[in-house]
Amino acid sequence: MHLEPTMKQAVIRRSVRKFAEKRLAPAAVEMDRTGDFRWDIAEEMARLQYFGLEIPARYGGAGLDSVSAAIVIEEISRANAAVGLCVSVHNSVSAYPVYLFGSEEQRQRFLTPLAQGKKIGTFCLTEPNAGSDVSALETSAIREGEEYILNGNKIFVTNGGISGINLIFAKTKPAEKGKGFSVFIVESEREGLEKGPIEDLMGMRGNPVCPVSLRDCRVPSENLLGVEGDGLKIALSTLCGGRLGIAAQALGIAQASLDASIKYAKERHQFGKAISEFGAIQDFLAEVGTRIEAGRLLIYRACDLKEKGNNYTKESAMAKVYASEVAVDATRAGVQIHGGYGYTKAYPIERFYRDAKVCEIYEGTSEVQRMVIARSLLHG
Amino acid sequence: MKIIVPMKRVPDPDNVDKVKISSDGKRVSSEGLDWKPNPFDEYAVEAALRLVKDSGTDKTTGEVIVASIGPEEATHQVRWCLAMGADRGILVLGDDHELDASVVARALKKLVEKESPDLVLMGKQAVDGDSNQTAQILAGMLGWPQATFAGRIETPADLSRATVTREVDGGCATVTVKFPAVISVDVRIVTPQAVNNNMIPPDKLNRDGPRYASLTGIMKAKKKPMDRYTLEDLGVDTTQRVKTISFSQPPARSGGVILDTVGELVQRLKEEARVL
């Protein structure tokens, strides 16, 4: 068992960290304040292939292994979690399923612009009355000749405000539970697809999350991903990879919080010495540092299973629930270490705290992850 | 056009607190340090790539070879430069304390004889030892023209010579060197318009600073050729010309003082610090 990163993975971490510290971190405060996405930065990232992490070079991607992809997402999120979210969702639940389930023609048409970062992708599953419960989807896709007519409302669409290509989950056979839904690749400019106002979020404010509605949106049958009824299969497979993306992102936020806390604890003096010399502060740092390391190993282990083509449902759920809870706990401890200053916007730690929270919610809540893990433990 | 860029690995300047000196004061211990390519050498790699590669089309008019003299672990920093876009690497194995500027220059001379480049393009100095000698010694030994501290390099499209603007005290000096030549670069060489080979359209500006390695660049770097030699293989005379008598840590910084009035500040800057 090899637990050390390869030289290539080490170079990737170093290279992405350098870019992220120079270009992404300085933009984070303003993105958080205004909610404006930075297209100039996205273009730079596209040139560095951050939008095609695990996609093979023949479709314009970087062809990375899963661990390397997790490292990229972690390092981006460490500097700027909102951009990390954009890259994570785009790669793991938008580009990757098109690669995995798309026909050669669909890959050429949709995957290449996604992997090259010319189009940003979304994954539109959640609805006002369906989220964790996928079978409650209400969006419908009715076949009419060579077209499907889509109607319904999707909410909390990450990257919604900037997307060019959207994966829409819709019921093709409303009577059949589970098997009754399918996935459509819908371009943002297609008539009948409308984007609602950007959500006013607690954290991840630099990512334009919005509702997407479909009103008699006519989609040609060649935009159907896989075959009719593949929806559940695609959702389950995609969400496994998606969990790893969010886990890597949470890990990046936790690491950012620990790094900021160490720096602050060494600089801040009380009672005549640096607060890093107090046992209470050291306890925080030791606990957070240990859990980050444990989370990292869980993630890499799940990535390794994915890379080797094994089932990684349980492991990805474990990595996701653990890393996201580490992120929330690490940032909470981080604010505490920063004291009163931690509660102001003078330091980035309050932003990390706000950014971290959603990691326990999206891509399957912690409660759903535990359900998945328990099911796997109980029934194998 | 063939360019050799010598590159030294140096401790990450962020590690400055971790640098320790051996108890006999003869050596700097490098244990536990993070390493990176010497920043000035990284600028030289960027300048070399700008001279021979068209960033927009991947068209290339030459070859960039990154050569390092150091321990086996320096492979890492060479690969880093290959990930930026250099074509191949050379590693000459040697331990840091066996090397001084003259040994390095002699080793580079052997590589130059082997490779016959048109240009040796290097950082003006390494940020660890700060000797600022290798380029000058190498040019002297080769009998080649040299232009040090380059802030701007322009070549005609036939790449026969370079017009180099040098950063010197009090201003700039512009010289022309015929290839083959040795050029050492200063920090301004990575500003957007600092390198002009009269082939890339002027509207296609480079970005400020050395380029970031793309993920594809990193993937390709692994497969790029890398030659390994020992100093012995190359027949380098390893006699050092610099004798280190001792190293010592700089004195620890003492705390600041808060003054009551501006008048007092001016007075102390004048009389104690003597900067006014």
# chains A, B, ... in the order shown; residues from 1 in each chain; ligands from 1
>>> residues_around(residues="B:Leu111", least_positions_apart="5", cutoff="10 Å", atoms="only C-alpha atoms", output="short mmCIF file (atom, residue, chain, number, x, y, z; two decimals) with N, CA and C atoms, in the first residue's frame")
data_model
loop_
_atom_site.label_atom_id
_atom_site.label_comp_id
_atom_site.auth_asym_id
_atom_site.auth_seq_id
_atom_site.Cartn_x
_atom_site.Cartn_y
_atom_site.Cartn_z
N ILE B 4 20.17 26.32 -23.38
CA ILE B 4 20.32 25.61 -22.12
C ILE B 4 19.99 26.59 -20.99
N ALA B 67 19.04 22.32 -17.24
CA ALA B 67 20.13 21.54 -16.66
C ALA B 67 20.34 21.93 -15.21
N ILE B 90 18.47 17.77 -17.90
CA ILE B 90 19.76 17.13 -17.62
C ILE B 90 20.01 17.31 -16.13
N VAL B 92 23.03 16.71 -13.38
CA VAL B 92 24.39 16.31 -13.04
C VAL B 92 24.43 16.15 -11.53
N ALA B 105 30.32 26.25 -13.03
CA ALA B 105 30.64 26.80 -14.36
C ALA B 105 31.42 25.78 -15.19
N ARG B 106 32.34 25.06 -14.55
CA ARG B 106 33.10 24.04 -15.28
C ARG B 106 32.19 22.91 -15.76
N SER B 116 26.27 21.90 -27.59
CA SER B 116 26.43 23.03 -28.51
C SER B 116 25.18 23.92 -28.63
N PRO B 117 24.76 24.53 -27.55
CA PRO B 117 23.60 25.43 -27.63
C PRO B 117 23.98 26.77 -28.27
N TYR B 229 24.12 12.58 -15.42
CA TYR B 229 25.56 12.41 -15.42
C TYR B 229 26.08 12.61 -14.01
N LEU B 234 31.49 13.58 -16.67
CA LEU B 234 31.75 14.73 -17.54
C LEU B 234 33.21 15.16 -17.50
#
>>> residues_around(residues="stretch 176-179 of chain B", least_positions_apart="6", cutoff="8 Å", atoms="only C-alpha atoms", output="ChimeraX atom specification")
/B:118-119,145-147,160-164
>>> interface_residues(of="chain A", to="chain B", cutoff="9 Å", atoms="only C-alpha atoms", output="compact mmCIF listing (two decimals) with N, CA, C and O atoms, in the first residue's frame")
# COMPACT_ATOMS: atom_id res chain seq x y z
N MET A 7 5.42 11.67 -7.53
CA MET A 7 6.08 12.94 -7.86
C MET A 7 5.13 13.82 -8.67
O MET A 7 5.03 15.02 -8.45
N LYS A 8 4.37 13.17 -9.56
CA LYS A 8 3.43 13.93 -10.39
C LYS A 8 2.36 14.59 -9.53
O LYS A 8 2.05 15.77 -9.70
N VAL A 11 3.86 17.54 -7.74
CA VAL A 11 4.04 18.70 -8.64
C VAL A 11 2.69 19.36 -8.90
O VAL A 11 2.58 20.59 -8.91
N ILE A 12 1.65 18.54 -9.06
CA ILE A 12 0.31 19.10 -9.29
C ILE A 12 -0.11 19.94 -8.09
O ILE A 12 -0.57 21.07 -8.23
N SER A 15 1.87 23.16 -8.04
CA SER A 15 1.55 24.04 -9.14
C SER A 15 0.19 24.71 -8.94
O SER A 15 0.03 25.91 -9.13
N VAL A 16 -0.81 23.91 -8.52
CA VAL A 16 -2.15 24.47 -8.31
C VAL A 16 -2.13 25.43 -7.11
O VAL A 16 -2.75 26.49 -7.15
N LYS A 18 0.29 27.26 -6.11
CA LYS A 18 0.94 28.50 -6.52
C LYS A 18 -0.06 29.39 -7.26
O LYS A 18 -0.20 30.57 -6.97
N PHE A 19 -0.77 28.79 -8.21
CA PHE A 19 -1.78 29.55 -8.95
C PHE A 19 -2.87 30.05 -8.01
O PHE A 19 -3.28 31.21 -8.05
N MET A 45 -8.04 29.48 -15.69
CA MET A 45 -8.13 28.10 -15.20
C MET A 45 -8.40 27.15 -16.37
O MET A 45 -7.92 26.02 -16.37
N ARG A 47 -7.26 27.46 -19.36
CA ARG A 47 -5.98 27.22 -20.04
C ARG A 47 -5.13 26.22 -19.27
O ARG A 47 -4.32 25.51 -19.86
N LEU A 48 -5.29 26.19 -17.96
CA LEU A 48 -4.51 25.25 -17.15
C LEU A 48 -5.19 23.89 -17.03
O LEU A 48 -4.74 23.01 -16.31
N GLN A 49 -6.34 23.73 -17.74
CA GLN A 49 -7.12 22.48 -17.78
C GLN A 49 -7.83 22.11 -16.48
O GLN A 49 -8.11 20.94 -16.26
N TYR A 50 -8.14 23.10 -15.65
CA TYR A 50 -8.82 22.78 -14.40
C TYR A 50 -10.28 22.38 -14.63
O TYR A 50 -10.94 21.92 -13.70
N LEU A 53 -10.51 17.84 -15.49
CA LEU A 53 -9.54 17.12 -14.65
C LEU A 53 -9.38 15.65 -15.03
O LEU A 53 -8.29 15.20 -15.36
N ALA A 57 -7.35 13.35 -22.68
CA ALA A 57 -6.83 14.43 -23.51
C ALA A 57 -7.57 14.53 -24.85
O ALA A 57 -7.70 15.61 -25.42
N GLY A 61 -9.35 17.25 -22.12
CA GLY A 61 -9.12 17.25 -20.67
C GLY A 61 -7.67 17.00 -20.31
O GLY A 61 -6.81 16.89 -21.18
N ALA A 62 -7.42 16.92 -19.00
CA ALA A 62 -6.06 16.73 -18.51
C ALA A 62 -5.73 15.26 -18.27
O ALA A 62 -4.57 14.90 -18.12
N GLY A 63 -6.75 14.41 -18.20
CA GLY A 63 -6.53 12.98 -18.02
C GLY A 63 -5.90 12.61 -16.69
O GLY A 63 -5.07 11.70 -16.61
N LEU A 64 -6.31 13.30 -15.62
CA LEU A 64 -5.73 13.02 -14.31
C LEU A 64 -6.32 11.77 -13.68
O LEU A 64 -7.45 11.37 -13.99
>>> select_by_dssp(residues="stretch 71-310 of chain A", states="alpha helix (DSSP H)", output="MDAnalysis selection string")
chainID A and resid 71:79 81:89 96:101 104:106 112:115 231:267 279:307
